[in-house]
Amino acid sequence: MISVKKVNNRPLNLLERIYVWEIARGLLVTMRHFFVNLVNPKGLPTIQYPEQPIPLPGNARLRTRHRLKMRADGAPKCVACFLCQTACPALCIHIEAAEHPENLVEKYPAVFNIDLARCVMCGMCVEACPEDAIAMDTGEIPGGAVVREELLMTKENLLRNLPGEPSLVGAANRLANEYLRGKE
Amino acid sequence: MPNLTIDGRSVEVPAGTTLLEAAQRLGIYIPRYCYHPKLSVSGSCRMCLVEVEKAPKLVTACSTEAAEGMRVLTASEKVRQARRDVLEYLLINHPLDCPICDQAGECGLQDYYMDYSLRKSRFEAEDKILRQKRRAAGPYLMLDNERCILCTRCVRFCGEVTKTAELEVMERGDRSFIDLKEGRALDNGYSLNIADLCPVGAFTSRDFRFKARAWFLKRTPTICLGCATGCEIEAHHYEGTIYRLVPHPNAETNTWLCDHGRMTYKAVRAGDRLGKALIRKGLIDLEPALRETATRLEEAKGAAAVLGSPWLSVEDNAALARLAKDSVKTANYCFDFSAEQGIKDGILVNKDPAPNTAGTRTVKALYGGLSLEEFTGLLAGGKIKILITEAKAYGLVKAAAEAAGIRLIIFARNRGEAPAAAYAVLPYASYFETEGTFVNYQGLRRMTAAAVEPPQGIKPLWAVVNKLASYSGAELHLDSAPRALKDMDF
């Protein structure tokens with residue numbers, strides 16, 4: 001059964017009918033906010049996104065812009081296995097694999113692009129990664145850009161500004177770590 | 001003819017049939033690594049263990065012959081336990097390489113683990129015995145001993161099929177590994193079959209290395225045009241690019257595929273692939289090039305000649321014949337090609353390098369034309385001013401045409417195959433991009449299939465011929481490949 005709400009609109013009284021007082025009342029609200037914010041701009045709830053970062057709760061399940069993790073020698077941990085590209089529902093990851101000339105890990109991504117304009121921030125790439133090489137913990141929320149090219153993250157961009165230490169765990173990293181140990 | 005029961009279903013098989021093949025007849029799949037229908041039985045992987053009633057132990061299905069009254073169980077608890085144990089044994093020292101292994105996605109270990117085991121490893125990753133990682137084992141193959149499960153398919157292939165025996169199992173027991181014999185390399189011309197045969201990632205292709213993941217690839221069955229054998233193949237492609245060709249085993253021609261044939265896909269996306277026509281070595285759109293060609297044909301009135309090609313499909317040869325007969329209106333055309341045919345090396349490679357010599361005969365049967373000697377003589381005679389042909393077929397009459405200074409209209413796919421002296425080079429779609437009928441040396445008629453799209457603006461040869469004819473003022477009405485075969489006894 002559909003509930004019907006009956007509205008008994010009260011007829012406007014004289015003060016309301018001449019509008020002037022009501023307009024002034026509305027303007028008073030606007031002026032109050034204007035002067036309060038003028039005197040105390042820190043109380044402004046508006047954020048100048050994307051220039052001004054949004055404070056995030058920072059819990060473990062938070063998904064923000066991706067990054068690629070590094071090995072101790074600064075190389076990407078990624079071995080270009082294409083599992084993130086396979087798992088990605090938005091088809092935003094583009095990888096081109098290449099052969100490492102000397103490293104025991106053999107395979108590395110020559111190109112690793114994430115098109116943030118297409119990304120739906122689902123975190124499937126992080127779930128799929130067998131090497132723990134991709135993470136979504138930079139604390140940046142992507143989206144604000146003047147041109148679309150700014151939303152295309154390349155390997156170099158994804159490796160920059162990493163939170164945390166270079167990571168040494170992961171299956172194929174056994175070989176990489178042996179290789180690094182041999183270099184010492 | 002022994003009669004036996006497998007999983008409660010009885011089957012009668014010829015004497016000498018193994019349990020694995022008998023089960024296959026019933027549609028019961030028994031997992032296997034070392035067994036291959038075209039190689040000798042090895043029995044080394046132990047994956048095909050089955051239970052036979054009254055036998056004291058489990059037996060290997062691939063090496064046990066069926067006998068009268070046998071009662072075989074392929075899915076009992078004992079068998080399933082044995083499979084799990086064999087897999088665990090094979091995986092003890094197998095590296096955790098799947099992310100960087102090209103076999104991932106079509107790997108026997110991955111597939112059988114998911115189907116039969118799903119058991120967690122009881123061994124620490126740090127305890128694995130390390131072996132030699134990747135190294136080149138020949139021009140086309142990479143060998144990674146750490147991934148090997150010693151099924152010896154590769155060793156048997158080199159010993160039994162190519163009979164070159166480059167590979168051997170070295171050492172004994174748990175130290176054994178596959179290696180090349182001293183001073184040898186896997187360059188026998190069939191080496192890439194080993195990458196297909198290898199059930200794991202020990203032998204992988206160097207050509208396909210890291211190019212694409214197996215699970216992305218789409219498969220289009222087509223035929224190989226590397227020689228007159230005309231093997232059935234599958235083109236593996238993804239997003240408009242062919243990545244590899246693998247054999248499609250069939251009883252008539254081939255189980256394997258030669259390395260030469262496997263590399264034929266490279267011309268499709270080669271750097272010198274023609275996306276436009278060439279007039280006097282200058283790039284130009286196809287339409288103006290065809291108008292130019294039609295004008296030259298008009299000028300040469302009566303002094304034009306057309307040569308078909310055993311490298312072109314029957315449809316395209318028929319289109320060229322129609323061009324000569326109904327558009328250029330000349331009797332100076334030739335579809336007479338003959339070559340010694342037959343398997344050259346005892347495996348696959350044919351003496352005749354052209355894929356459609358037999359197919360051109362059907363064109364000749366309908367349209368007639370000069371014999372190749374007459375045609376060459378005619379070119380050398382100096383009466384012919386302009387010659388239309390395909391790049392590789394031009395090689396057959398090159399000496400005569402060059403001496404007479406004939407203007408050349410050449411159909412070519414790649415810039416490299418067109419002669420430098422050509423007046424006009426007209427591009428056309430390769431047979432990975434369009435359908436075409438080819439007749440192999442046994443007389444088997446086979447069709448290529450369009451696996452990928454041709455470059456923008458590139459049409460099949462019959463369509464280019466149709467356009468050329470309409471610019472010459474005589475419509476051929478070739479609006480599809482089958483139309484080119486009209487009137488042909490085919």
# chains A, B, ... in the order shown; residues from 1 in each chain; ligands from 1
call {"tool": "interface_residues", "arguments": {"of": "chain A", "to": "chain B", "cutoff": "9 Å", "atoms": "only C-alpha atoms", "output": "list of chain:residue names"}}
result
A:Val79, A:Ala80, A:Cys81, A:Phe82, A:Leu83, A:Thr86, A:Glu96, A:Ala97, A:Ala98, A:Glu99, A:Leu104, A:Val105, A:Glu106, A:Lys107, A:Tyr108, A:Pro130, A:Glu131, A:Ala171, A:Ala172, A:Arg174
call {"tool": "residues_around", "arguments": {"residues": "range 47-53 of chain A", "least_positions_apart": "4", "cutoff": "10 Å", "atoms": "only C-alpha atoms", "output": "ChimeraX atom specification"}}
result
/A:139-145
call {"tool": "select_by_dssp", "arguments": {"residues": "range 219-397 of chain B", "states": "strand (DSSP E)", "output": "VMD selection string"}}
result
chain B and resid 219 to 223 232 to 238 241 to 247 277 to 279 282 to 284 304 to 307 333 to 334 386 to 390
call {"tool": "write_last_selection", "arguments": {"atoms": "C-alpha atoms", "output": "JSON list (two decimals), in the first residue's frame"}}
result
[["chain", "number", "residue", "atom", "x", "y", "z"],
["B", 219, "ARG", "CA", 43.26, -19.51, -31.76],
["B", 220, "THR", "CA", 42.34, -19.53, -35.43],
["B", 221, "PRO", "CA", 42.82, -22.78, -37.36],
["B", 222, "THR", "CA", 44.41, -22.12, -40.74],
["B", 223, "ILE", "CA", 47.12, -23.61, -42.95],
["B", 232, "GLU", "CA", 47.29, -27.54, -40.77],
["B", 233, "ILE", "CA", 48.18, -24.99, -38.12],
["B", 234, "GLU", "CA", 46.67, -22.74, -35.52],
["B", 235, "ALA", "CA", 47.50, -19.05, -35.52],
["B", 236, "HIS", "CA", 47.64, -17.72, -31.97],
["B", 237, "HIS", "CA", 46.80, -14.05, -31.96],
["B", 238, "TYR", "CA", 45.72, -11.29, -29.64],
["B", 241, "THR", "CA", 48.78, -9.37, -33.78],
["B", 242, "ILE", "CA", 49.84, -12.94, -34.48],
["B", 243, "TYR", "CA", 52.27, -14.20, -31.85],
["B", 244, "ARG", "CA", 52.97, -17.76, -32.90],
["B", 245, "LEU", "CA", 51.96, -20.62, -35.13],
["B", 246, "VAL", "CA", 51.53, -24.10, -33.72],
["B", 247, "PRO", "CA", 50.69, -27.33, -35.52],
["B", 277, "ALA", "CA", 51.12, 1.24, -53.09],
["B", 278, "LEU", "CA", 54.44, 2.21, -54.66],
["B", 279, "ILE", "CA", 54.83, 3.96, -58.00],
["B", 282, "GLY", "CA", 57.28, 6.49, -54.14],
["B", 283, "LEU", "CA", 54.48, 5.75, -51.66],
["B", 284, "ILE", "CA", 51.02, 6.54, -52.96],
["B", 304, "ALA", "CA", 50.43, -6.59, -71.77],
["B", 305, "ALA", "CA", 51.02, -9.96, -70.10],
["B", 306, "VAL", "CA", 49.77, -11.54, -66.89],
["B", 307, "LEU", "CA", 51.56, -14.24, -64.91],
["B", 333, "TYR", "CA", 48.85, -15.05, -69.73],
["B", 334, "CYS", "CA", 50.33, -18.02, -67.99],
["B", 386, "ILE", "CA", 54.01, -4.45, -69.42],
["B", 387, "LEU", "CA", 53.84, -7.45, -67.07],
["B", 388, "ILE", "CA", 51.43, -7.97, -64.17],
["B", 389, "THR", "CA", 52.44, -10.61, -61.66],
["B", 390, "GLU", "CA", 53.14, -11.46, -58.02]]
call {"tool": "atom_distance", "arguments": {"atom1": "CA of Leu186 in chain B", "atom2": "CA of Leu167 in chain B"}}
result
8.2 Å
call {"tool": "atom_distance", "arguments": {"atom1": "CA of Arg25 in chain A", "atom2": "CA of Asn37 in chain A"}}
result
18.7 Å
call {"tool": "residues_around", "arguments": {"residues": "Leu370 in chain B", "least_positions_apart": "6", "cutoff": "10 Å", "atoms": "only C-alpha atoms", "output": "ChimeraX atom specification"}}
result
/B:307,331-336,364,376,378
call {"tool": "write_last_selection", "arguments": {"atoms": "C-alpha atoms", "output": "JSON list (two decimals), in the first residue's frame"}}
result
[["chain", "number", "residue", "atom", "x", "y", "z"],
["B", 307, "LEU", "CA", 51.56, -14.24, -64.91],
["B", 331, "ALA", "CA", 45.98, -14.10, -74.63],
["B", 332, "ASN", "CA", 49.41, -13.49, -73.09],
["B", 333, "TYR", "CA", 48.85, -15.05, -69.73],
["B", 334, "CYS", "CA", 50.33, -18.02, -67.99],
["B", 335, "PHE", "CA", 49.13, -20.18, -65.11],
["B", 336, "ASP", "CA", 51.34, -23.11, -65.92],
["B", 364, "LYS", "CA", 44.91, -23.42, -66.05],
["B", 376, "THR", "CA", 59.26, -16.68, -70.94],
["B", 378, "LEU", "CA", 57.33, -14.22, -75.30]]
call {"tool": "closest_residue", "arguments": {"among": "B:Val349, B:Ala318, B:Ala469, B:Leu297", "to": "Cys258 in chain B", "atoms": "only C-alpha atoms"}}
result
B:Val349
call {"tool": "atom_distance", "arguments": {"atom1": "CA of Ala418 in chain B", "atom2": "CA of Ala391 in chain B"}}
result
5.3 Å
call {"tool": "select_by_dssp", "arguments": {"residues": "range 49-96 of chain A", "states": "helix (DSSP H, G or I)", "output": "list of chain:residue names"}}
result
A:Leu83, A:Cys84, A:Gln85, A:Thr86, A:Ala87
call {"tool": "residues_around", "arguments": {"residues": "range 65-74 of chain A", "least_positions_apart": "4", "cutoff": "6 Å", "atoms": "only C-alpha atoms", "output": "ChimeraX atom specification"}}
result
/A:133-136,138,140-141,158-159,166-167
call {"tool": "residues_around", "arguments": {"residues": "range 403-416 of chain B", "least_positions_apart": "5", "cutoff": "10 Å", "atoms": "only C-alpha atoms", "output": "PyMOL selection string"}}
result
chain B and resi 267-279+281+293+296-297+300+304-306+378-394+398+421-430+458+461+464-465
call {"tool": "residues_around", "arguments": {"residues": "Glu298 in chain B", "least_positions_apart": "3", "cutoff": "12 Å", "atoms": "only C-alpha atoms", "output": "PyMOL selection string"}}
result
chain B and resi 291-295+301-304+327-329+385-386+468-469+471-474
call {"tool": "decode", "arguments": {"residues": "range 13-126 of chain B", "atoms": "C-alpha atoms", "output": "compact mmCIF listing (two decimals), in the first residue's frame"}}
result
# COMPACT_ATOMS: atom_id res chain seq x y z
CA VAL B 13 40.52 -53.03 -28.41
CA PRO B 14 43.06 -54.43 -30.89
CA ALA B 15 45.87 -56.46 -29.38
CA GLY B 16 48.80 -54.30 -28.34
CA THR B 17 46.69 -51.29 -27.34
CA THR B 18 47.81 -49.76 -24.08
CA LEU B 19 45.45 -49.08 -21.19
CA LEU B 20 45.82 -45.33 -21.73
CA GLU B 21 44.74 -45.56 -25.36
CA ALA B 22 41.92 -47.96 -24.47
CA ALA B 23 40.66 -45.49 -21.85
CA GLN B 24 40.89 -42.68 -24.41
CA ARG B 25 38.52 -44.66 -26.67
CA LEU B 26 35.96 -44.56 -23.88
CA GLY B 27 36.57 -40.85 -23.36
CA ILE B 28 38.28 -41.43 -20.02
CA TYR B 29 41.23 -39.09 -19.65
CA ILE B 30 44.26 -40.37 -17.80
CA PRO B 31 46.78 -37.65 -16.91
CA ARG B 32 50.19 -38.03 -18.53
CA TYR B 33 53.45 -36.17 -19.00
CA CYS B 34 55.83 -38.51 -20.79
CA TYR B 35 53.28 -40.22 -23.03
CA HIS B 36 52.85 -38.78 -26.51
CA PRO B 37 50.88 -40.57 -29.23
CA LYS B 38 53.63 -40.07 -31.82
CA LEU B 39 56.61 -40.94 -29.63
CA SER B 40 57.79 -44.18 -28.09
CA VAL B 41 56.60 -45.13 -24.62
CA SER B 42 58.87 -44.13 -21.78
CA GLY B 43 56.87 -44.64 -18.60
CA SER B 44 59.07 -42.29 -16.65
CA CYS B 45 56.67 -39.70 -15.25
CA ARG B 46 54.37 -42.13 -13.35
CA MET B 47 51.46 -39.74 -13.73
CA CYS B 48 49.26 -42.27 -15.54
CA LEU B 49 49.18 -44.84 -12.72
CA VAL B 50 45.95 -46.85 -12.67
CA GLU B 51 44.68 -49.72 -10.57
CA VAL B 52 44.29 -53.11 -12.19
CA GLU B 53 42.39 -55.72 -10.23
CA LYS B 54 44.59 -58.53 -8.91
CA ALA B 55 47.76 -56.63 -9.82
CA PRO B 56 49.95 -56.23 -6.75
CA LYS B 57 50.80 -52.56 -7.44
CA LEU B 58 49.43 -49.71 -9.49
CA VAL B 59 50.54 -49.93 -13.13
CA THR B 60 51.42 -47.21 -15.65
CA ALA B 61 48.58 -47.00 -18.16
CA CYS B 62 50.85 -45.79 -20.95
CA SER B 63 53.09 -48.87 -20.95
CA THR B 64 50.69 -51.66 -19.93
CA GLU B 65 49.05 -53.51 -22.78
CA ALA B 66 45.39 -54.34 -22.50
CA ALA B 67 44.69 -58.01 -21.82
CA GLU B 68 41.55 -60.14 -21.87
CA GLY B 69 39.35 -59.70 -18.83
CA MET B 70 41.35 -56.87 -17.26
CA ARG B 71 39.42 -54.75 -14.80
CA VAL B 72 40.90 -51.27 -14.62
CA LEU B 73 40.04 -48.48 -12.20
CA THR B 74 41.21 -44.99 -13.17
CA ALA B 75 39.58 -42.93 -10.44
CA SER B 76 39.74 -45.06 -7.29
CA GLU B 77 40.93 -43.51 -4.05
CA LYS B 78 44.23 -45.38 -4.39
CA VAL B 79 44.81 -43.94 -7.87
CA ARG B 80 43.91 -40.41 -6.82
CA GLN B 81 46.27 -40.66 -3.88
CA ALA B 82 49.02 -41.91 -6.19
CA ARG B 83 48.49 -38.95 -8.53
CA ARG B 84 48.73 -36.51 -5.65
CA ASP B 85 51.93 -38.17 -4.49
CA VAL B 86 53.49 -38.17 -7.96
CA LEU B 87 52.64 -34.49 -8.37
CA GLU B 88 54.07 -33.66 -4.99
CA TYR B 89 57.24 -35.52 -5.95
CA LEU B 90 57.51 -33.67 -9.27
CA LEU B 91 56.97 -30.34 -7.55
CA ILE B 92 59.51 -30.80 -4.74
CA ASN B 93 62.25 -28.97 -6.58
CA HIS B 94 60.14 -27.13 -9.12
CA PRO B 95 60.90 -23.41 -8.85
CA LEU B 96 58.17 -20.89 -8.01
CA ASP B 97 58.66 -19.45 -11.45
CA CYS B 98 55.13 -19.21 -12.82
CA PRO B 99 55.07 -15.38 -12.93
CA ILE B 100 58.08 -15.30 -15.26
CA CYS B 101 57.47 -18.60 -17.06
CA ASP B 102 56.06 -18.50 -20.59
CA GLN B 103 54.44 -21.90 -20.10
CA ALA B 104 52.13 -20.57 -17.39
CA GLY B 105 48.56 -20.94 -18.54
CA GLU B 106 49.25 -24.01 -20.65
CA CYS B 107 51.49 -25.85 -18.21
CA GLY B 108 50.96 -29.50 -17.38
CA LEU B 109 52.03 -29.00 -13.80
CA GLN B 110 49.59 -26.14 -13.25
CA ASP B 111 46.71 -27.97 -14.92
CA TYR B 112 47.17 -31.28 -13.13
CA TYR B 113 47.80 -29.58 -9.81
CA MET B 114 44.43 -27.88 -10.11
CA ASP B 115 42.72 -31.06 -11.36
CA TYR B 116 44.25 -33.75 -9.19
CA SER B 117 46.18 -32.36 -6.26
CA LEU B 118 45.40 -28.96 -4.68
CA ARG B 119 47.65 -30.02 -1.83
CA LYS B 120 49.88 -27.54 -0.04
CA SER B 121 53.58 -28.14 -0.36
CA ARG B 122 55.19 -29.75 2.66
CA PHE B 123 58.61 -28.49 1.63
CA GLU B 124 60.14 -25.12 2.36
CA ALA B 125 60.86 -22.88 -0.62
CA GLU B 126 64.40 -22.39 0.69
